[in-house]
Amino acid sequence: MKTKLFSMLIVLSVTALLFSCGKTGKKQPGDGTPAVSVKTQRLNDTSGFTMSNGERCTIVAEATIDYPIQAGKDVSIDSLQRLFAAYVLESGDTLSLQEAMRQVVANSMHQYDFMEEPLTADEAAEAAADDGQNTLRYATSTRVTPVYNKNGVVTFERVDVVKKNDKVTSVTHRYYSFDVENQTYIDLPALFRDDAVADVCQLLRQQLLKQNNATGNEQLNDLGYFNVENLTVTRNFFFDDNGLTWSFLPNELAVEAVGEPSITIPYGDLDDYLSDDSILKRL
């Protein structure tokens with residue numbers, strides 16, 4: 001009897017061990033493994049212009065971009081890279097990924113095309129060595145990096161910074177999320193029911209009041225916020241382990257001095273508003 005019992009215990013233990021190995025050996029969407037692997041590309045360019053007052057203007061543009069190079073099994077990395085180029089890099093359908101990354105720097109340079117005639121090669125070299133007294137210098141930088149990368153979802157953050165004579169004049173944070181398994185860009189319909197969007201907006205307003213220890217819109221107005229009663233959900237959101245965060249660009253929800261306000265809603269508070277196949281159920 002003891003021998004039979006001992007044999008049964010061994011069989012059960014081996015079975016449990018095999019089941020456990022089989023369960024952990026295969027990576028599942030929610031096991032915390034990275035949804036994509038990335039590689040870093042760095043680019044830069046320099047140009048210059050002579051303005052109508054004779055002052056020289058030098059333009060320096062640089063970009064550091066983490067882009068996807070590998071995803072899970074049966075996931076087309078080419079398709080994901082095209083989505084990355086279209087949304088994060090804001091490129092057209094005709095550009096390759098490498099061309100789209102170079103275009104990021106080119107677009108930064110071209111925003112100053114209105115500034116008269118370009119410098120000659122000698123003038124540009126002289127301006128680069130100038131002490132800054134006779135030169136107006138603009139430097140633009142773009143940084144793209146994943147800020148959420150698991151559960152079959154990746155969110156890229158794009159930060160664009162503009163400096164004038166080494167003083168920061170503009171900073172913007174933009175977020176782009178992708179369902180790696182289904183090869184799609186994650187927009188609001190991938191999260192919430194159409195009839196629940198208004199309720200989510202109300203959650204945002206309530207959370208904004210709470211974050212600022214305010215009891216009403218008037219107090220928020222005093223803090224630099226405006227048009228709070230018309231606050232809406234936008235596409236500029238990102239995921240983390242605790243909730244869904246919306247980020248608002250400068251002058252979109254508050255005066256420039258406030259910067260870029262962000263509002264975080266815990267996942268549990270959003271349960272009643274999810275669409276049937278909402279990505280949030282995976283998170």
# chains A, B, ... in the order shown; residues from 1 in each chain; ligands from 1
>>> closest_atom_pairs(of="range 135-194 of chain A", to="range 254-258 of chain A", cutoff="12 Å", atoms="only C-alpha atoms", output="CSV")
residue,atom,partner,partner_atom,distance
A:Thr169,CA,A:Glu256,CA,10.4
A:Ser170,CA,A:Glu256,CA,9.4
A:Val171,CA,A:Glu256,CA,10.3
A:Thr172,CA,A:Glu256,CA,11.2
>>> residues_around(residues="range 194-202 of chain A", least_positions_apart="3", cutoff="10 Å", atoms="only C-alpha atoms", output="list of chain:residue names")
A:Leu188, A:Pro189, A:Leu191, A:Arg205, A:Gln206, A:Gln207, A:Leu208, A:Glu229, A:Asn230, A:Leu231, A:Thr232, A:Val233, A:Thr234, A:Ile265, A:Asp269, A:Leu270, A:Asp272, A:Tyr273, A:Leu274, A:Ser275
>>> atom_distance(atom1="CA of Glu218 in chain A", atom2="CA of Leu204 in chain A")
16.5 Å
>>> select_by_dssp(residues="range 15-215 of chain A", states="helix (DSSP H, G or I)", output="NGL selection string")
:A and (15-25 or 77-87 or 97-110 or 121-128 or 188-190 or 194-211)
>>> residues_around(residues="range 86-96 of chain A", least_positions_apart="5", cutoff="12 Å", atoms="only C-alpha atoms", output="ChimeraX atom specification")
/A:63-68,78-81,101-108,142-146,155-160,173-178,184-187,235-236
>>> atom_distance(atom1="CA of Tyr225 in chain A", atom2="CA of Ile263 in chain A")
13.0 Å
>>> closest_residue(among="A:Thr58, A:Asn44, A:Thr264, A:Ser76", to="Asp241 in chain A", atoms="only C-alpha atoms")
A:Thr264
>>> select_by_dssp(residues="range 70-241 of chain A", states="strand (DSSP E or B)", output="PyMOL selection string")
chain A and resi 70-71+117-118+135-150+153-164+167-179+184-185+192+225+237-239
